[in-house]
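Working notes for the structure below.
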Protein chains: 2
Amino acid sequence: MRLAQALFAPRAVALIGASGDARKNTARPQRYLRKHGYSGRIVPINATRDEVLGERAYRRLADAPGEIDHAFIMVEDVESALEDCARKGVAVVSIYSNGFADAGPAGAEREQRLVARSRTLGVRLLGPNSMGVVDLPGRLALTVNGVLEMEAPPAGTTSLVSQSGTMLGTLLSRGAARGLGYAKLISVGNEADLGVGEFLELLVGDEATKVIALFLETVRDAERLSAAARKAHAAGKPIVAYKLGRSALGVELARSHTGALAGADAALDAYFRACGIVRIDLLETLIEMPPLLAGKKPAGLERPPRISVVTTTGGGAAAVVDRAGLHGIELADMHDLTMAGNAAGYRATLEGLLASPECDAVVAAVGSSAQFHPDFAVEPIVQARRGARPLAVFLTPHAERSLALLAERGIAAFRTPEACADALAAYFAWRAPREFGDAPLPNERTRSGSVPELIRAPSPNWFALVEALGIPVAEHAVVHAPDYAHRVPYPVALKRLDVEHKTEVGGVALNIANESELAAQAYRMGGGRLLVQKMEAGLAEAIVGYRDDPVVGPIVLVGAGGTLAELYGDVAIEVAPVDETIAAAMIERVKGLAIVRGYRNMPRGDVAALARAVAALSRVALIAGRPVREAEVNPLIVKRDGVVAVDALVALKE
Amino acid sequence: MRLAQALFAPRAVALIGASGDARKNTARPQRYLRKHGYSGRIVPINATRDEVLGERAYRRLADAPGEIDHAFIMVEDVESALEDCARKGVAVVSIYSNGFADAGPAGAEREQRLVARSRTLGVRLLGPNSMGVVDLPGRLALTVNGVLEMEAPPAGTTSLVSQSGTMLGTLLSRGAARGLGYAKLISVGNEADLGVGEFLELLVGDEATKVIALFLETVRDAERLSAAARKAHAAGKPIVAYKLGRSALGVELARSHTGALAGADAALDAYFRACGIVRIDLLETLIEMPPLLAGKKPAGLERPPRISVVTTTGGGAAAVVDRAGLHGIELADMHDLTMAGNAAGYRATLEGLLASPECDAVVAAVGSSAQFHPDFAVEPIVQARRGARPLAVFLTPHAERSLALLAERGIAAFRTPEACADALAAYFAWRAPREFGDAPLPNERTRSGSVPELIRAPSPNWFALVEALGIPVAEHAVVHAPDYAHRVPYPVALKRLDVEHKTEVGGVALNIANESELAAQAYRMGGGRLLVQKMEAGLAEAIVGYRDDPVVGPIVLVGAGGTLAELYGDVAIEVAPVDETIAAAMIERVKGLAIVRGYRNMPRGDVAALARAVAALSRVALIAGRPVREAEVNPLIVKRDGVVAVDALVALKE
């Protein structure tokens, strides 16, 4: 593959703006390429020197001899450098320089012009604002990241794609200190051209890569990343992601830092789940988890997972188990063993558990021996025949040599009980990417028209749209002055059709018993065109919503109605569309809907009908052109038999 | 202080059961005492040898010359060893041997006998099942914990009291690797005699100790620990605790492991808060947090805390800020600085923030320079004049030398963004120990009697008890067949008085409109003695509860009524009794009660009356002898004006 070769295994690299001052950042790529044994040609370009750090340099790229596959641009005039590269036939340029989308609207425009020009020229871009790429097995250290000051960073089978250049250094540094190496590491910068999704595709085709780790501040191309994640899954390459933006404060910071759109974090969760990407919360888990995933497929358990624990340290094992319990993991059994003089017994116990159908994963907690007798302490673990179950090791002391021994053998080891427990929970929560089968919009025309017709109508009736999607709605009629005639049975509700927040402006009257009351209320509302609706009662109220998230695209949510969804954030979210099976699983996750699931012997509601309604609303994602920004059925009354929508709100995109 | 001296600075130590085989655990105390430079006399006692590891040994303690302050018992026959110690005038014995409360009911009885005998003999006990004590400044390594294999563990100003012996090793090991030392470390084992609370008292009097860290699996003497924590606060010595048992699985494990009672984790939270103990969740925070607390007092903010961030690494700082946001911390400002060639500017910025009234704490995030240029990277931080604000440093790379430089200067440094953010949150959540002033039981006699009388009544009327405590109750009367006469205005509810779960057995009838309906319902319930109650309606239902927790003692809780408290765990808990101010703060924390706090322009309920009711029920803790195990007012109707209890349940202790 031409692109992959130019990026990761270029025959020659031009360093445009290479500094002759070894202390400068712009001198680093040259120093690091040499230090780590890059075998291709290095071509420093410096406008004022013929020699840089003892190597022959050129004033202009045009002067440099031979073909050049990859250029690293570190000068302010990126535009001219790009032209030079194109003329020289350079396939890909990595741009360290910033001042583009990272620097406000003017910079964003500059970036757009740069990309347009690069497409014309046929040159691919990494960055701008990228720290470059590293290929450890290939000894390419084309980066300004100071982490490459280290001696001989270990090569490994995990590749990292990072939206933060400094975090690339963090992961490499911390991994190396404990023997966990990387294959490729890419700082994607602003992703003006080459983005996370395309790098994922490249890594799917990379033999050295077994697991892919992502450090994300935002998601810039959800569709491409999603498609690439599916390819990675098909190729047996698990993906684990850390994404900033768990808190509103973090979202705001990422937005101001990257200029990216702000999506809802829960939508991101749903997105990663649908893509088969394992999301973790503790930064260190991003370093520690890959060996747990390598070569594994999602467990796909339909019941609470069970772990077996082998331990030489009560307190350490308890810290893991306690945290695991918070994730709903159960304890199959706990084996308190000594290792001293008992290596064979320890190993036999471990092998038995790793092959046992009684547990879904095995934790080995090792105490102080891991610090002073690393070989002895981890030998029986390293020697144990690996079974079907994943193995996670937690070392209680400071024990880098033991961590390295385990890393060498591809055994997942954890420095903290929390990372260990969280990684197991993330492993168990991991699912294969969801396939979006054919789920067409309902074809039948309702009395008001088809879904596309209703969307395009000049003053749309959202209630009719909901009905056309296949969700039962309360019997209703549009009525007019002076007589407000209708056939809806009393008692009814009367609602204004011309305002959005009806309740707040007195635009809703409930429990109207007869015609004269109706006329009085209609008069109070100013008359005109009004909606009469049959009063409905049921066991509970639910909210069902659809949103075209600016980051991840269409999502569907279901929650308990009333104030619960908002007060408790008690909603389940998935990428839309969903089928009824997934919708039913979503409903299970909503705590407040326990009251229709048979909680405390309360009467059961029609959960299947609710699931049908969730699936139906989610199909808004299939309307051609995705014109809907948001749609909400609230409340949807859940009855013993069936559900019925009582109010609906739809907002189209501008 | 005689006890402290015998424990931590004994003039002579007897090692009862010292092994001549250097590889055995029982040889360790002798090896470690020598290795780490203990200056007192070491007296090995071995039933079969006159020499142990090259030192003069004695067959019997009685044979050993001179006075012995402290004995470490490592033999099975602990009882005989104790007698020997008493005869020799040993002040305190540390017992490594197990087979006591750690080994089931028979062991627990053995332990009780041992303690009784030790009290008769006037010998204090550490353990059994203790790994011993370490005093680093004093060079006493009287322990079997293998962590003492290390060379020259650094002395520090934090002391650790640990219920897990192996965790003592974990903390010492991990701290030492990054230059964070300890003063004293104590493995308390089963706490048969000397417990966590008494050790806390000893550490309050210890000049070398500035901060106290606790690793807890349970709390065995909540009152003593609470009192000791107050003394520590008065002495300006903050306490930070990690406690297992966050999950039900962890609680169960701790129970089976220690034989201790299982309390509710939320009650533990309330207990630590009331004691002024900082509770943290990530194990590593227990190592990292003490420098942040040393010399500090609780900030006591009444608004969301604000942090300022100085960073050389966008991604690293964002990870801290994102996590801090989850704790409700706000960002005052973010300063993206380079350190290279800018030490003075960096330092000036940091000093400005540390003295600024605009923020409550400062975070410095340092990138890759921390790994390869530790002096350079942390110099401006170390040099900066410390201000009133706490400073937390997060180092993104593997940077142990930088961590050590910061540790040397007493600056809190964190390996992970999560520990950094969580430590700040814990610091801000820290409050001075709560003073329990005089809050006597109400004195007035209600028509049914006083609180103590009502408790002692042969068939108690809990509704009357609640009223006597000062909580308004629905107007009610006890009625009898055949006429069920009463003066309660209709509509009323009718309830059976002879069963607990009334609703489930048809023992409640609501909305009874008149006498004939009442008679019919009473007949249906089987007649007899029934309760008639005025029907009450309000804006919301609340639940107010009291419980004498088996671990921490009296607690009071308030939550939203109906199914919310249970489905969402949406309750606020504090140690009882509470005054109305604390009760009001509890109500603020209950999400579901937002609906009476003016949420979405809903009518406000009488929150002050609800607070009075919470405070009133909490005074059950003051009833002499604490006869009540549990008391619950559910529902308590919250009205625009006042509250009224509609049902109550009280359970006395057996």
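Residues are referred to by chain and number: the chain letter is A, B, ... according to the order shown in the structure tokens, the number counts from 1 in that chain, and ligands are numbered separately from 1 in the order shown.
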
Quick one: contact table of chain B to chain A, 6 Å max, nearest atom pair and distance in Å to one decimal per residue, counting only C-alpha atoms, chain and number order, as a tab-separated table?
residue	atom	partner	partner_atom	distance
B:Ser164	CA	A:Gly315	CA	5.6
B:Thr170	CA	A:Pro397	CA	4.6
B:Ser173	CA	A:Pro397	CA	5.6
B:Arg174	CA	A:His398	CA	4.9
B:Ser247	CA	A:Leu326	CA	5.1
B:Leu249	CA	A:Gly325	CA	5.2
B:Gly250	CA	A:Asp322	CA	3.9
B:Gly315	CA	A:Ser164	CA	5.6
B:Asp322	CA	A:Gly250	CA	3.9
B:Gly325	CA	A:Leu249	CA	5.2
B:Leu326	CA	A:Ser247	CA	5.1
B:Thr396	CA	A:Thr170	CA	5.5
B:Pro397	CA	A:Thr170	CA	4.6
B:His398	CA	A:Arg174	CA	4.9

Could you dump the residues just selected with C-alpha atoms as a compact mmCIF listing (two decimals), in the first residue's frame?
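The resulting file, selection_39.txt, is shown below:
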# COMPACT_ATOMS: atom_id res chain seq x y z
CA SER B 164 -4.35 -5.29 55.86
CA THR B 170 2.10 -2.03 49.11
CA SER B 173 6.83 -0.04 48.44
CA ARG B 174 5.01 2.29 46.08
CA SER B 247 -19.80 -2.66 46.50
CA LEU B 249 -19.51 -7.85 46.86
CA GLY B 250 -16.72 -6.03 48.64
CA GLY B 315 -4.10 16.50 26.75
CA ASP B 322 -12.50 16.51 32.62
CA GLY B 325 -15.77 18.36 36.21
CA LEU B 326 -17.44 15.08 37.16
CA THR B 396 2.10 12.86 32.30
CA PRO B 397 5.16 10.67 31.53
CA HIS B 398 6.88 8.00 33.57

Write down as a ChimeraX atom specification the residues belonging to segment 90-233 of chain A that are assigned alpha helix (DSSP H) by DSSP computed on the backbone.
-> /A:104-121,165-176,196-204,222-233

How would the residues just chosen look if you wrote them out with N, CA and C atoms as a short mmCIF file (atom, residue, chain, number, x, y, z; two decimals), in the first residue's frame?
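Result written to again00.cif:
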data_model
loop_
_atom_site.label_atom_id
_atom_site.label_comp_id
_atom_site.auth_asym_id
_atom_site.auth_seq_id
_atom_site.Cartn_x
_atom_site.Cartn_y
_atom_site.Cartn_z
N GLY A 104 -8.78 29.07 15.78
CA GLY A 104 -9.95 29.92 15.51
C GLY A 104 -10.40 29.90 14.06
N PRO A 105 -11.44 30.68 13.77
CA PRO A 105 -12.10 30.63 12.46
C PRO A 105 -11.17 30.96 11.29
N ALA A 106 -10.28 31.96 11.45
CA ALA A 106 -9.38 32.31 10.35
C ALA A 106 -8.46 31.14 10.05
N GLY A 107 -7.98 30.49 11.11
CA GLY A 107 -7.12 29.33 10.94
C GLY A 107 -7.86 28.19 10.28
N ALA A 108 -9.12 28.05 10.62
CA ALA A 108 -9.92 26.98 10.03
C ALA A 108 -10.06 27.19 8.52
N GLU A 109 -10.24 28.45 8.15
CA GLU A 109 -10.33 28.74 6.70
C GLU A 109 -9.01 28.44 6.00
N ARG A 110 -7.92 28.82 6.65
CA ARG A 110 -6.59 28.54 6.11
C ARG A 110 -6.44 27.02 5.90
N GLU A 111 -6.94 26.26 6.87
CA GLU A 111 -6.83 24.81 6.79
C GLU A 111 -7.63 24.26 5.61
N GLN A 112 -8.83 24.82 5.42
CA GLN A 112 -9.65 24.36 4.29
C GLN A 112 -8.96 24.61 2.95
N ARG A 113 -8.34 25.79 2.86
CA ARG A 113 -7.62 26.10 1.61
C ARG A 113 -6.44 25.14 1.42
N LEU A 114 -5.76 24.83 2.51
CA LEU A 114 -4.60 23.93 2.44
C LEU A 114 -5.02 22.54 1.95
N VAL A 115 -6.12 22.05 2.51
CA VAL A 115 -6.60 20.72 2.14
C VAL A 115 -7.03 20.70 0.68
N ALA A 116 -7.74 21.74 0.29
CA ALA A 116 -8.20 21.79 -1.10
C ALA A 116 -7.00 21.75 -2.05
N ARG A 117 -5.99 22.52 -1.70
CA ARG A 117 -4.80 22.57 -2.55
C ARG A 117 -4.09 21.21 -2.56
N SER A 118 -4.02 20.56 -1.40
CA SER A 118 -3.32 19.27 -1.33
C SER A 118 -4.05 18.23 -2.18
N ARG A 119 -5.37 18.33 -2.24
CA ARG A 119 -6.14 17.38 -3.06
C ARG A 119 -5.83 17.62 -4.53
N THR A 120 -5.77 18.90 -4.89
CA THR A 120 -5.42 19.24 -6.27
C THR A 120 -4.03 18.68 -6.61
N LEU A 121 -3.15 18.83 -5.64
CA LEU A 121 -1.76 18.42 -5.89
C LEU A 121 -1.56 16.91 -5.74
N GLY A 165 -0.93 15.07 20.85
CA GLY A 165 0.46 14.72 20.59
C GLY A 165 1.20 14.39 21.87
N THR A 166 0.94 15.16 22.94
CA THR A 166 1.66 14.88 24.17
C THR A 166 1.26 13.54 24.77
N MET A 167 0.02 13.16 24.56
CA MET A 167 -0.43 11.88 25.13
C MET A 167 0.24 10.70 24.43
N LEU A 168 0.63 10.90 23.18
CA LEU A 168 1.40 9.88 22.49
C LEU A 168 2.68 9.61 23.30
N GLY A 169 3.30 10.71 23.74
CA GLY A 169 4.50 10.57 24.55
C GLY A 169 4.21 9.90 25.89
N THR A 170 3.10 10.28 26.50
CA THR A 170 2.73 9.72 27.79
C THR A 170 2.60 8.20 27.70
N LEU A 171 1.87 7.75 26.71
CA LEU A 171 1.62 6.31 26.60
C LEU A 171 2.90 5.54 26.27
N LEU A 172 3.69 6.10 25.37
CA LEU A 172 4.94 5.44 25.01
C LEU A 172 5.86 5.37 26.22
N SER A 173 5.95 6.49 26.94
CA SER A 173 6.84 6.58 28.10
C SER A 173 6.42 5.60 29.19
N ARG A 174 5.16 5.62 29.51
CA ARG A 174 4.69 4.77 30.61
C ARG A 174 4.71 3.30 30.24
N GLY A 175 4.37 3.02 28.99
CA GLY A 175 4.42 1.63 28.55
C GLY A 175 5.86 1.11 28.61
N ALA A 176 6.79 1.89 28.07
CA ALA A 176 8.18 1.45 28.00
C ALA A 176 8.74 1.14 29.38
N VAL A 196 -8.65 9.86 12.01
CA VAL A 196 -8.59 8.66 12.85
C VAL A 196 -9.13 7.45 12.10
N GLY A 197 -10.24 7.64 11.39
CA GLY A 197 -10.85 6.51 10.69
C GLY A 197 -9.93 5.92 9.63
N GLU A 198 -9.29 6.78 8.86
CA GLU A 198 -8.40 6.28 7.81
C GLU A 198 -7.16 5.61 8.40
N PHE A 199 -6.67 6.14 9.50
CA PHE A 199 -5.53 5.47 10.16
C PHE A 199 -5.93 4.09 10.67
N LEU A 200 -7.16 4.02 11.17
CA LEU A 200 -7.66 2.72 11.61
C LEU A 200 -7.65 1.73 10.45
N GLU A 201 -8.09 2.20 9.28
CA GLU A 201 -8.08 1.32 8.10
C GLU A 201 -6.65 0.88 7.79
N LEU A 202 -5.71 1.82 7.87
CA LEU A 202 -4.32 1.47 7.59
C LEU A 202 -3.81 0.43 8.59
N LEU A 203 -4.21 0.58 9.84
CA LEU A 203 -3.74 -0.34 10.88
C LEU A 203 -4.38 -1.71 10.75
N VAL A 204 -5.59 -1.75 10.21
CA VAL A 204 -6.24 -3.05 9.96
C VAL A 204 -5.36 -3.86 9.00
N ALA A 222 -17.51 10.41 12.20
CA ALA A 222 -18.08 9.25 12.88
C ALA A 222 -18.35 8.10 11.90
N GLU A 223 -18.76 8.42 10.69
CA GLU A 223 -19.12 7.35 9.76
C GLU A 223 -17.89 6.56 9.31
N ARG A 224 -16.83 7.28 9.01
CA ARG A 224 -15.63 6.58 8.56
C ARG A 224 -15.00 5.77 9.70
N LEU A 225 -14.99 6.36 10.89
CA LEU A 225 -14.45 5.63 12.05
C LEU A 225 -15.27 4.37 12.30
N SER A 226 -16.57 4.53 12.20
CA SER A 226 -17.47 3.40 12.42
C SER A 226 -17.21 2.28 11.40
N ALA A 227 -17.07 2.66 10.15
CA ALA A 227 -16.81 1.66 9.11
C ALA A 227 -15.46 0.98 9.33
N ALA A 228 -14.46 1.79 9.72
CA ALA A 228 -13.12 1.24 9.95
C ALA A 228 -13.14 0.28 11.15
N ALA A 229 -13.92 0.64 12.18
CA ALA A 229 -14.00 -0.21 13.36
C ALA A 229 -14.59 -1.57 13.00
N ARG A 230 -15.53 -1.58 12.08
CA ARG A 230 -16.12 -2.84 11.63
C ARG A 230 -15.09 -3.69 10.90
N LYS A 231 -14.25 -3.01 10.10
CA LYS A 231 -13.20 -3.76 9.42
C LYS A 231 -12.19 -4.32 10.42
N ALA A 232 -11.87 -3.52 11.43
CA ALA A 232 -10.93 -3.99 12.45
C ALA A 232 -11.50 -5.22 13.16
N HIS A 233 -12.78 -5.16 13.47
CA HIS A 233 -13.41 -6.31 14.13
C HIS A 233 -13.33 -7.54 13.25
#

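The residues of segment 424-526 of chain A that DSSP assigns to strand (DSSP E or B) on this backbone come out as Thr446, Gly449, Val473, His476, Ala477, Val478, Val479, His480, Val492, Ala493, Leu494, Lys495, Arg496, Val508, Ala509, Leu510, Asn511 and Ile512 of chain A.
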
Tell me which protein, DNA and RNA residues are within 6 Å of Val558 of chain A, counting only C-alpha atoms, leaving out same-chain ones fewer than 4 positions away, and put them as a list in words.
->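 Near Val558 of chain A, the qualifying residues are Ile543, Val544, Val571 and Ala572 of chain A.
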
Residues of the last selection are to be written out with all heavy atoms, as an mmCIF file, in the first residue's frame.
data_model
loop_
_atom_site.group_PDB
_atom_site.id
_atom_site.type_symbol
_atom_site.label_atom_id
_atom_site.label_comp_id
_atom_site.auth_asym_id
_atom_site.auth_seq_id
_atom_site.Cartn_x
_atom_site.Cartn_y
_atom_site.Cartn_z
ATOM 1 N N ILE A 543 -40.566 8.473 28.087
ATOM 2 C CA ILE A 543 -40.158 9.437 27.068
ATOM 3 C C ILE A 543 -39.339 8.663 26.037
ATOM 4 O O ILE A 543 -38.514 7.825 26.389
ATOM 5 C CB ILE A 543 -39.348 10.596 27.695
ATOM 6 C CG1 ILE A 543 -38.731 11.480 26.622
ATOM 7 C CG2 ILE A 543 -38.234 10.080 28.584
ATOM 8 C CD1 ILE A 543 -38.056 12.713 27.195
ATOM 9 N N VAL A 544 -39.638 8.908 24.766
ATOM 10 C CA VAL A 544 -38.872 8.281 23.692
ATOM 11 C C VAL A 544 -38.370 9.412 22.812
ATOM 12 O O VAL A 544 -39.142 10.294 22.427
ATOM 13 C CB VAL A 544 -39.738 7.300 22.874
ATOM 14 C CG1 VAL A 544 -38.887 6.614 21.801
ATOM 15 C CG2 VAL A 544 -40.365 6.248 23.786
ATOM 16 N N VAL A 571 -31.871 7.582 31.328
ATOM 17 C CA VAL A 571 -32.287 7.219 29.973
ATOM 18 C C VAL A 571 -31.280 6.218 29.411
ATOM 19 O O VAL A 571 -30.144 6.177 29.834
ATOM 20 C CB VAL A 571 -32.350 8.442 29.033
ATOM 21 C CG1 VAL A 571 -33.410 9.427 29.468
ATOM 22 C CG2 VAL A 571 -31.000 9.137 28.952
ATOM 23 N N ALA A 572 -31.739 5.407 28.489
ATOM 24 C CA ALA A 572 -30.841 4.508 27.765
ATOM 25 C C ALA A 572 -30.738 5.026 26.342
ATOM 26 O O ALA A 572 -31.740 5.424 25.745
ATOM 27 C CB ALA A 572 -31.380 3.088 27.781
#

Neighbour list for segment 620-622 of chain B as a tab-separated table (two decimals) with C-alpha atoms, in the first residue's frame, cut-off 6 Å, only C-alpha atoms, skip fewer than 2 positions in-chain:
chain	number	residue	atom	x	y	z
B	554	PRO	CA	-27.02	6.09	64.50
B	617	LEU	CA	-36.37	11.90	63.77
B	618	SER	CA	-32.58	11.98	64.07

Segment 412-414 of chain B surroundings by only C-alpha atoms, 12 Å radius, close-in-sequence under 4 positions cut, as number ranges by chain | B: 175, 178-180, 282, 284-294, 316, 320, 361-366, 370, 378, 381-382, 390-408, 418-424

Closest of A:Glu358, A:Arg273, A:Ser459, A:Val211 to Gly295 of chain A - atom-to-atom distances counting only C-alpha atoms =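 Smallest distance to Gly295 of chain A is found for A:Val211.
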
Just the residues within 9 Å of Leu510 of chain A, please, counting only C-alpha atoms, with nothing from its chain fewer than 3 positions along; format it as a PDB file with N, CA, C and O atoms, in the first residue's frame.
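Just written: part-v2.pdb:
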ATOM      1  N   PRO A 491     -63.725  12.029  28.317  1.00  0.00           N
ATOM      2  CA  PRO A 491     -63.075  13.335  28.463  1.00  0.00           C
ATOM      3  C   PRO A 491     -61.921  13.494  27.479  1.00  0.00           C
ATOM      4  O   PRO A 491     -61.289  12.517  27.106  1.00  0.00           O
ATOM      5  N   VAL A 492     -61.663  14.783  27.129  1.00  0.00           N
ATOM      6  CA  VAL A 492     -60.592  15.066  26.172  1.00  0.00           C
ATOM      7  C   VAL A 492     -59.647  16.145  26.719  1.00  0.00           C
ATOM      8  O   VAL A 492     -59.950  16.809  27.713  1.00  0.00           O
ATOM      9  N   ALA A 493     -58.532  16.252  26.031  1.00  0.00           N
ATOM     10  CA  ALA A 493     -57.615  17.367  26.276  1.00  0.00           C
ATOM     11  C   ALA A 493     -57.694  18.281  25.074  1.00  0.00           C
ATOM     12  O   ALA A 493     -57.975  17.835  23.967  1.00  0.00           O
ATOM     13  N   LEU A 494     -57.432  19.565  25.320  1.00  0.00           N
ATOM     14  CA  LEU A 494     -57.409  20.532  24.231  1.00  0.00           C
ATOM     15  C   LEU A 494     -56.048  21.224  24.227  1.00  0.00           C
ATOM     16  O   LEU A 494     -55.549  21.620  25.277  1.00  0.00           O
ATOM     17  N   LYS A 495     -55.444  21.292  23.026  1.00  0.00           N
ATOM     18  CA  LYS A 495     -54.093  21.857  22.961  1.00  0.00           C
ATOM     19  C   LYS A 495     -53.975  22.846  21.809  1.00  0.00           C
ATOM     20  O   LYS A 495     -54.511  22.614  20.731  1.00  0.00           O
ATOM     21  N   MET A 535     -58.340  11.728  26.498  1.00  0.00           N
ATOM     22  CA  MET A 535     -57.520  11.602  27.698  1.00  0.00           C
ATOM     23  C   MET A 535     -57.108  10.139  27.829  1.00  0.00           C
ATOM     24  O   MET A 535     -57.931   9.248  27.705  1.00  0.00           O
TER      25      MET A 535
END

Using only C-alpha atoms, which of the listed residues (B:Leu350, B:Val646, B:Ala355, B:Ile471) sits closest to Pro380 of chain B?
->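 Checking each of B:Leu350, B:Val646, B:Ala355, B:Ile471 against Pro380 of chain B, counting only C-alpha atoms, the winner is B:Leu350.
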
Do you know which residues are at most 9 Å from Trp462 of chain B counting only C-alpha atoms, after dropping those on the same chain fewer than 2 positions away, and could you put them as a PyMOL selection string?
-> chain B and resi 454-455+460+464-467+631+647-650
